[in-house]
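Report on one structure; see the data block that follows.
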Amino acid sequence: MASKATSSYQFLAHVKQDSTGKWHEHALVDHLKGVSLLAEQSAKPFGSSDWARLAGLWHDLGKYSHTFQHYIKSTSGYDPEAHIEGVPGRVDHSTAGAIHAVNSFGVPGRILAYLIAGHHAGLPDWDTADGGGAALLERLRKQDLLERALEGDVPYEILNQSKPITTPVGGREGFALWVRMLFSCLVDADFLDTEQFMEQEKADARGQFPDMASLLKTFERFIETKTREAESTPVNAIRAEVLRQCRAKATEGPGIFSLTVPTGGGKTLSSLAFALEHAIQHDNRRVIYVIPYTSIIEQTANVFREVFQELGELVVEHHSNLDPERETAKARLAAENWDAPIIVTTNVQFFESLFAARPSRCRKLHNIANSVVILDEAQLLPPEFLQPILDVMNLLAKYYGVTFVLSTATQPALGTLQTFGREIRGLESVREIMTDPAALHAGLKRVEIELPANFQARQTWEDVAQELTDHDSVLCIVSTRSDCRELHRLMPQETIHLSALMCGEHRSQVIADIKRRLKDGKPVRVISTQLVEAGVDVDFPVVYRALAGLDSIAQAAGRCNREGWLANGRMVVFVPPKSAPRGHLRRAEQTAVSLLTGYEGDCLDPHLFQTYFEHFYVRARSTSTISSMPLPAMQAKRKCPSAAWRRNSS
């Protein structure tokens, strides 16, 4: 960093004034080289360093124009005498590098042009119907922007470069994802290099994290202590076996795995064990735990923090309900680009980013490469967007060193959907981690489920409330918030209400109170929406569930006699006054009714779930207007829709 007085003719990328009034300059050539180096390093895991290096080197060529240099000096106050004639507002400094890339390399240069032109505003479309100026084609016609930059005496070693020799990753089908990955490398590098100059303290706060070997050793000590303190019960014996099999399977090659374990079987810690062992075996950089509901993210993150507490802050939560005041500065910074060894996030955050075009969304993508991704409750992937999700998972596993683990008690059989021909392209080569899921199911069976004798005979909420009050401790799960409010209104005053309408902190406090009361043997009645089903570790002797999809019934059963203290817990499935709302919930309910009517076997049999999901996905595709979403070659603004997804995740 130089003072204003020592290098007044230097081309500048950024300037800042410190608390003493002294000016500091970020030389443009240093910024270009710094971003180039960082982007190159980020693209190494997927073999595209040459593309990322050039994107970084040329991304701010437009700042060599005298117009931009006057602009930065005048608007910052660095040089009050500088002014810009006839140039209102900001100066376009990203188009020049895009034009230079196309002029240098022709059609291949367009790849770099997309990255460079979009590194502030987002990936542009090639063209638009109205010929709007935001389209890349229109911007590339503005040759005068490059000419102005070249008047600034750009160094020879910056301008003159060889064409990248590596080919696009994933071929035609993977082109859009590859461009987004390169875009991520450039955007993150630009942020980090700029931050290093503008906010040194912030950059230093990012710090370093321990390696995977250290994480595994800490995990092993935690498990040893936990095993030593645990009571000797059949359920704990099965959990130990699940853990053993996960660790043994972790030595296999990267790819896509399923982990089919009944609720209460210890999937959270066992899947983490698999991820850590697998990461060390295959030099993966991080573990990303993807969860469908924000209501259970805090619970999972806290479990991981307890495991690794001696190593400091290395678990990062990233979701919409995050409370910034509860996060350390280091964790907040790591959430910007997922530069931490353990990430806990939501389905929405993870998959929307993979289909995004904005820099803030895409910034983290390159850090997904070479990671182990655990999809918790994988059956809750939204069927409306299932095809693009499966497509991008296949690409990540095949070309970006990502290992996926589909962790659930109700496996949706996403690897066998190709049996429906072209309807759904399933996941490729899914390997089950457990040697015998059916035996696990039998060993962990601790709930008797009572199905309705007549699926057409609806009960009133008054009748349901009367049944519930016959039990001192009971959990009743319904499918909508309005149903939850109505039933809760009919219950005794001390009954607890639980729904996603509650703020995150309040909801967490209520769940913690429920757990304490259950542990102390105190009576507790709870009326809840389905948020309690996925991963909330409560243990009731009796559970009621409004008629729903087979996966929801199974998840509800996992809240009953969870620790196996009773010979058998009791779960009652009842037919509520009205059907579930149209869409995902009603399709699930209808699919369950069609399979369970007249069925006399075990409705939690793992083999039944494959049939259930095959029928459910076909039903979903036949009624959905968004049955498939392509990964467009360059229409980067067409994202994975999220509004309906978020509604279904509440």
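For the structure tokens, the naming scheme is as follows: chains receive sequential letters (A, B, ...) according to their order of presentation, residues are indexed from 1 within each chain, and ligands are indexed from 1 in presentation order.
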Considering only C-alpha atoms, give me a table of residues in stretch 111-137 of chain A that are at most 12 Å from stretch 49-67 of chain A, with the closest atom pair and distance in Å for each, as JSON lines.
{"residue": "A:Ile111", "atom": "CA", "partner": "A:Trp51", "partner_atom": "CA", "distance": 8.6}
{"residue": "A:Leu112", "atom": "CA", "partner": "A:Ala55", "partner_atom": "CA", "distance": 5.8}
{"residue": "A:Ala113", "atom": "CA", "partner": "A:Ala55", "partner_atom": "CA", "distance": 8.2}
{"residue": "A:Tyr114", "atom": "CA", "partner": "A:Ala55", "partner_atom": "CA", "distance": 9.5}
{"residue": "A:Leu115", "atom": "CA", "partner": "A:Ala55", "partner_atom": "CA", "distance": 6.8}
{"residue": "A:Ile116", "atom": "CA", "partner": "A:His59", "partner_atom": "CA", "distance": 4.8}
{"residue": "A:Ala117", "atom": "CA", "partner": "A:His59", "partner_atom": "CA", "distance": 7.6}
{"residue": "A:Gly118", "atom": "CA", "partner": "A:His59", "partner_atom": "CA", "distance": 9.4}
{"residue": "A:His119", "atom": "CA", "partner": "A:His59", "partner_atom": "CA", "distance": 7.6}
{"residue": "A:His120", "atom": "CA", "partner": "A:His59", "partner_atom": "CA", "distance": 10.0}
Excluding stretch 520-534 of chain A and its own-chain neighbours fewer than 3 positions away, which residues fall within 7 Å of it when counting only C-alpha atoms? Please give them as a count of residues only.
25
Closest contacts (stretch 339-399 of chain A/stretch 268-287 of chain A, max 7 Å, only C-alpha atoms) as CSV:
residue,atom,partner,partner_atom,distance
A:Ala340,CA,A:Arg286,CA,6.9
A:Pro341,CA,A:Arg286,CA,4.3
A:Ile342,CA,A:Val287,CA,5.0
A:Ile343,CA,A:Val287,CA,6.3
A:Asn370,CA,A:Asn284,CA,5.1
A:Ser371,CA,A:Arg286,CA,5.0
A:Val372,CA,A:Val287,CA,4.8
A:Val373,CA,A:Val287,CA,5.9
Write out, as an mmCIF file, in the first residue's frame, the residues just selected, with C-alpha atoms.
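Wrote part-v8.cif, looks like this:
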data_model
loop_
_atom_site.group_PDB
_atom_site.id
_atom_site.type_symbol
_atom_site.label_atom_id
_atom_site.label_comp_id
_atom_site.auth_asym_id
_atom_site.auth_seq_id
_atom_site.Cartn_x
_atom_site.Cartn_y
_atom_site.Cartn_z
ATOM 1 C CA ALA A 340 -15.337 -23.778 6.422
ATOM 2 C CA PRO A 341 -14.997 -27.540 6.980
ATOM 3 C CA ILE A 342 -18.587 -28.105 8.206
ATOM 4 C CA ILE A 343 -21.547 -26.327 6.580
ATOM 5 C CA ASN A 370 -14.688 -31.826 -3.835
ATOM 6 C CA SER A 371 -17.039 -31.991 -0.842
ATOM 7 C CA VAL A 372 -19.136 -34.631 0.871
ATOM 8 C CA VAL A 373 -22.790 -33.562 0.751
#
Using only C-alpha atoms, pick whichever of A:Val543, A:Ala439, A:Val464, A:Ala101 has the shortest atom-to-atom distance to A:Thr260.
A:Ala439
Which of A:Phe385, A:Tyr78, A:Tyr71, A:Phe257 sits closest to A:Ile433 [using only C-alpha atoms]:
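That would be A:Phe257, the residue with the smallest distance to A:Ile433.
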Sel. of strand (DSSP E or B) residues, stretch 365-419 of chain A, as a list in words
Ser371, Val372, Val373, Ile374, Leu375, Asp376, Thr403, Phe404, Val405, Leu406, Ser407 and Thr408 of chain A
What are the nearest atom pairs, with distances in Å to one decimal, for all residues of stretch 285-323 of chain A that come at most 10 Å from stretch 395-417 of chain A, using only C-alpha atoms, set out by chain and rising residue number as JSON lines?
{"residue": "A:Val287", "atom": "CA", "partner": "A:Thr403", "partner_atom": "CA", "distance": 9.6}
{"residue": "A:Ile288", "atom": "CA", "partner": "A:Phe404", "partner_atom": "CA", "distance": 9.5}
{"residue": "A:Tyr289", "atom": "CA", "partner": "A:Val405", "partner_atom": "CA", "distance": 9.5}
{"residue": "A:Val290", "atom": "CA", "partner": "A:Leu406", "partner_atom": "CA", "distance": 10.0}
Convert the current residue selection to file output with C-alpha atoms, as a PDB file, in the first residue's frame.
ATOM      1  CA  VAL A 287     -18.755 -31.649   4.675  1.00  0.00           C
ATOM      2  CA  ILE A 288     -22.022 -29.964   3.690  1.00  0.00           C
ATOM      3  CA  TYR A 289     -25.104 -31.079   5.617  1.00  0.00           C
ATOM      4  CA  VAL A 290     -28.297 -30.163   3.719  1.00  0.00           C
TER       5      VAL A 290
END
Wanna dump the stretch 351-406 of chain A-stretch 565-587 of chain A contacts at 10 Å for me, each residue with its shortest atom pair and the distance in Å to one decimal, counting only C-alpha atoms, ordered by chain and number, as a Markdown table?
| residue | atom | partner | partner_atom | distance |
| --- | --- | --- | --- | --- |
| A:Pro382 | CA | A:His584 | CA | 8.2 |
| A:Pro383 | CA | A:His584 | CA | 7.8 |
| A:Glu384 | CA | A:His584 | CA | 8.5 |
Please, what distance in Å, to one decimal, runs between atom CA of A:Ile297 and atom CA of A:Asp376?
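According to the coordinates, atom CA of A:Ile297 and atom CA of A:Asp376 are separated by 10.4 Å.
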Check the smallest atom-to-atom distance from each of A:Leu192, A:Ala27, A:Val593, A:Leu375 to A:Ala453 using only C-alpha atoms, then report the winner.
A:Val593
